[in-house]
Amino acid sequence: MSVRSLKSSKPEMQKKEDDIKVKTMVEATLRDVEKRGDNAVRELSLKFDKYNPQSFSLSESEIESAIQKVSTREMNDIKFAQEQIRKFANEQLKSLKDIEVETLPGVILGHKNIPVQSVGCYVPGGKFPMVASAHMSVLTASVAGVPRIIASAPPVNGQPHPAIVAAMKLGGAHEIYVLGGIQAVAAMALGTETIEPVHMLVGPGNAFVAEAKRQLFGRVGIDLFAGPTETMVIADETVDGEMCATDLLGQAEHGYNSPACLITNSEKLAQDTLNEIDRILKILPTSETAKVSWEDYGDIILCDDHLEMLSVANEMAYEHVQVMTERDEWYLENMHSYGALFLGPRTNVANGDKVIGTNHTLPTKKAGRYTGGLWVGKFLKTHSYQKIKTDDAAVKIGEYGSRLCMLEGFVGHAEQCNLRVRRYGGKNIPFGSAAE
């Protein structure tokens with residue numbers, strides 16, 4: 001390979017040092033919330049959000065009051081987005097079937113898809129209140145049939161964000177909390193005096209939220225590792241530098257540590273993109289954030305051909321992958337490690353983030369190598385069951401089971417099988433022996 005880097009992000013060692021700092025802080029915070037419950041949560045809310053309400057849970061009247069502040073146009077836009085997301089989630093749900101099959105005469109095997117019983121949905125706030133994240137988590141859990149859905153988002157300017165509250169309520173949240181950051185996911189997962197813990201945590205967040213979810217995994221389920229947003233543009237000379245630069249910076253504005261990468265086989269496009277990034281950063285209102293992300297986490301990688309581009313892209317396994325080439329369908333067929341693909345210049349990541357209908361909670365930090373993004377199936381657990389309906393089937397399976405258990409030295413296991421062979425087949429098998 002003759003892959004060259006025309007612009008590199010900061011060294012991996014520095015990124016790892018940042019990760020260690022986050023890990024240490026999260027560990028201490030989770031211990032504090034587990035030990036002191038509501039008192040710790042309240043102190044953290046005051047410290048980070050300067051928010052100290054009588055209750056972090058919104059009453060029905062407070063929810064209605066917040067919704068009243070949402071304009072008619074904004075409400076219609078929220079409803080349109082939720083309609084698209086609900087449509088796609090319902091189609092995904094239809095693809096998940098309970099099954100039951102007779103594998104041998106009298107042997108019935110099956111599985112059932114059962115919703116997780118309680119889910120905590122985190123909706124990021126900070127500089128950019130992520131209204132769309134409420135659709136992606138709350139609404140999708142609702143389509144899956146989760147019986148208890150709680151949702152939490154940080155305050156904005158000392159108040160619940162009206163549009164986020166509206167999206168949560170319309171999406172199907174049963175409880176709504178105004179809490180942000182580590183304290184929110186800790187309270188939902190561990191429980192406090194006033195918040196009953198959930199079985200699963202979902203939703204994107206900053207590095208601290210993502211790390212908190214990682215550390216809580218096992219105590220509760222999580223959807224996936226969804227940390228600071230990542231965007232990759234795979235492009236050739238079928239598009240220009242302005243489009244590539246716009247798609248890179250459009251996601252780099254998320255935060256100060258949002259990776260953005262261009263992979264191309266055109267040195268001219270790479271240089272044009274660098275020039276356009278410089279131009280756009282001078283006029284972009286969010287350039288203060290986007291510029292830091294681009295300087296510290298931006299990459300431009302030049303490859304010889306599409307095969308090299310594909311190999312590098314699969315190895316990096318970024319969250320959002322915008323493909324704008326002469327062979328977009330080829331990338332769809334051959335990409336195997338990513339969060340979501342956005343194919344062709346008419347498509348863009350922002351549409352996927354907000355409205356088009358697919359889910360925007362996606363794997364980051366190479367998690368796309370082993371998981372896809374959040375979808376209705378993440379809220380369902382597939383449980384198997386077995387039934388043996390005839391004496392002959394009990395004997396046949398029992399004889400095989402007995403011998404296989406004894407092969408491993410599990411005498412007690414074998415006796416479970418032998419008992420059925422004796423009882424339903426009338427065969428005399430000495431205790432502790434394998435069936436003949």
# chains A, B, ... in the order shown; residues from 1 in each chain; ligands from 1
$ residues_around --residues "A:Tyr51" --least-positions-apart "2" --cutoff "12 Å" --atoms "only C-alpha atoms" --output "PyMOL selection string"
chain A and resi 41-49+53-56+154-160+178-180
$ write_last_selection --atoms "C-alpha atoms" --output "PDB file, in the first residue's frame"
ATOM      1  CA  VAL A  41     -26.804  13.605  41.883  1.00  0.00           C
ATOM      2  CA  ARG A  42     -27.962  16.998  43.175  1.00  0.00           C
ATOM      3  CA  GLU A  43     -24.409  18.160  43.903  1.00  0.00           C
ATOM      4  CA  LEU A  44     -23.275  17.126  40.420  1.00  0.00           C
ATOM      5  CA  SER A  45     -26.226  18.882  38.807  1.00  0.00           C
ATOM      6  CA  LEU A  46     -25.361  22.069  40.671  1.00  0.00           C
ATOM      7  CA  LYS A  47     -21.680  21.771  39.802  1.00  0.00           C
ATOM      8  CA  PHE A  48     -22.021  21.078  36.092  1.00  0.00           C
ATOM      9  CA  ASP A  49     -25.433  22.509  35.142  1.00  0.00           C
ATOM     10  CA  PRO A  53     -34.930  21.981  41.189  1.00  0.00           C
ATOM     11  CA  GLN A  54     -37.257  20.608  43.853  1.00  0.00           C
ATOM     12  CA  SER A  55     -37.523  17.455  41.727  1.00  0.00           C
ATOM     13  CA  PHE A  56     -35.533  16.323  38.704  1.00  0.00           C
ATOM     14  CA  PRO A 154     -29.650  18.192  30.864  1.00  0.00           C
ATOM     15  CA  PRO A 155     -31.210  21.606  31.439  1.00  0.00           C
ATOM     16  CA  VAL A 156     -30.548  24.351  28.915  1.00  0.00           C
ATOM     17  CA  ASN A 157     -30.126  27.823  30.409  1.00  0.00           C
ATOM     18  CA  GLY A 158     -31.426  26.499  33.714  1.00  0.00           C
ATOM     19  CA  GLN A 159     -34.663  25.071  32.301  1.00  0.00           C
ATOM     20  CA  PRO A 160     -35.959  21.905  30.652  1.00  0.00           C
ATOM     21  CA  VAL A 178     -33.934  16.962  33.720  1.00  0.00           C
ATOM     22  CA  LEU A 179     -30.472  15.589  34.414  1.00  0.00           C
ATOM     23  CA  GLY A 180     -27.307  15.554  32.355  1.00  0.00           C
TER      24      GLY A 180
END
$ closest_atom_pairs --of "stretch 108-215 of chain A" --to "stretch 375-392 of chain A" --cutoff "9 Å" --atoms "only C-alpha atoms" --output "CSV"
residue,atom,partner,partner_atom,distance
A:Ile108,CA,A:Lys387,CA,4.9
A:Leu109,CA,A:Gln386,CA,4.6
A:Gly110,CA,A:Tyr385,CA,5.4
A:His111,CA,A:Ser384,CA,4.0
A:Lys112,CA,A:His383,CA,5.3
A:Asn113,CA,A:Thr382,CA,4.5
A:Ile114,CA,A:Lys381,CA,5.2
A:Pro115,CA,A:Leu380,CA,4.3
A:Val116,CA,A:Phe379,CA,5.6
A:Gln117,CA,A:Phe379,CA,8.9
A:Val119,CA,A:Phe379,CA,8.3
A:Met136,CA,A:Trp375,CA,8.2
A:Ser137,CA,A:Trp375,CA,8.5
A:Thr140,CA,A:Val376,CA,5.5
A:Ala141,CA,A:Phe379,CA,6.1
A:Ser142,CA,A:Val376,CA,8.8
A:Val143,CA,A:Val376,CA,7.0
A:Ala144,CA,A:Val376,CA,5.6
A:Gly145,CA,A:Phe379,CA,8.3
A:Val146,CA,A:Phe379,CA,7.2
A:Met200,CA,A:Phe379,CA,8.6
$ atom_distance --atom1 "atom CA of A:Leu170" --atom2 "atom CA of A:Lys79"
8.0 Å
$ select_by_dssp --residues "stretch 303-417 of chain A" --states "helix (DSSP H, G or I)" --output "ChimeraX atom specification"
/A:306-316,328-334,349-354,367-369,376-379,391-407,411-417
$ atom_distance --atom1 "atom CA of A:Val411" --atom2 "atom CA of A:Tyr424"
19.8 Å
$ residues_around --residues "stretch 292-309 of chain A" --least-positions-apart "6" --cutoff "8 Å" --atoms "only C-alpha atoms" --output "list in words"
Met1, Ser2, Val3, Arg4, Ser5, Leu6, Lys7, Ser8, Ser9, Lys10, Ile234, Leu249, Ala252, Glu253, Gly255, Tyr256, Asn257, Ser258, Pro259, Ala260, Cys261, Leu262, Ile263, Thr264, Asn265, Ser266, Glu267 and Ala270 of chain A
$ closest_residue --among "A:Leu216, A:Leu96, A:Asn428, A:Lys127" --to "A:Thr286" --atoms "only C-alpha atoms"
A:Lys127
$ closest_residue --among "A:Gly171, A:Gly352, A:Gly368, A:Gly227" --to "A:Ala313" --atoms "only C-alpha atoms"
A:Gly368
$ atom_distance --atom1 "atom CA of A:Thr347" --atom2 "atom CA of A:Ile222"
29.2 Å
$ select_by_dssp --residues "stretch 349-386 of chain A" --states "strand (DSSP E)" --output "list in words"
Leu380, Lys381, Thr382, His383, Ser384, Tyr385 and Gln386 of chain A
$ write_last_selection --atoms "N, CA and C atoms" --output "CSV table (one decimal), in the first residue's frame"
chain,number,residue,atom,x,y,z
A,380,LEU,N,-35.2,-5.7,22.0
A,380,LEU,CA,-35.8,-7.1,22.1
A,380,LEU,C,-34.8,-8.1,22.5
A,381,LYS,N,-35.2,-9.0,23.4
A,381,LYS,CA,-34.3,-10.1,23.8
A,381,LYS,C,-34.9,-11.4,23.1
A,382,THR,N,-34.1,-12.2,22.4
A,382,THR,CA,-34.5,-13.4,21.8
A,382,THR,C,-34.3,-14.6,22.7
A,383,HIS,N,-35.4,-15.1,23.2
A,383,HIS,CA,-35.3,-16.2,24.2
A,383,HIS,C,-35.8,-17.5,23.6
A,384,SER,N,-35.0,-18.6,23.7
A,384,SER,CA,-35.4,-19.9,23.2
A,384,SER,C,-36.2,-20.7,24.2
A,385,TYR,N,-37.0,-21.7,23.6
A,385,TYR,CA,-37.7,-22.6,24.5
A,385,TYR,C,-37.7,-24.0,23.8
A,386,GLN,N,-38.0,-25.0,24.6
A,386,GLN,CA,-38.0,-26.4,24.0
A,386,GLN,C,-39.1,-27.2,24.6
$ residues_around --residues "A:Met25" --least-positions-apart "2" --cutoff "10 Å" --atoms "only C-alpha atoms" --output "list in words"
Ile20, Lys21, Val22, Lys23, Glu27, Ala28, Thr29, Leu30, Ile182, Phe208, Glu211 and Ala212 of chain A
$ closest_residue --among "A:Met13, A:Val323, A:Ile176, A:Ile356" --to "A:Ser59" --atoms "only C-alpha atoms"
A:Ile176
$ residues_around --residues "A:Lys87" --least-positions-apart "3" --cutoff "12 Å" --atoms "only C-alpha atoms" --output "list in words"
Phe80, Ala81, Gln82, Glu83, Gln84, Asn90, Glu91, Gln92, Leu93, Lys94, Leu139, Thr140, Val143, Val355, Ile356, Gly357, Thr358, Asn359 and Val376 of chain A
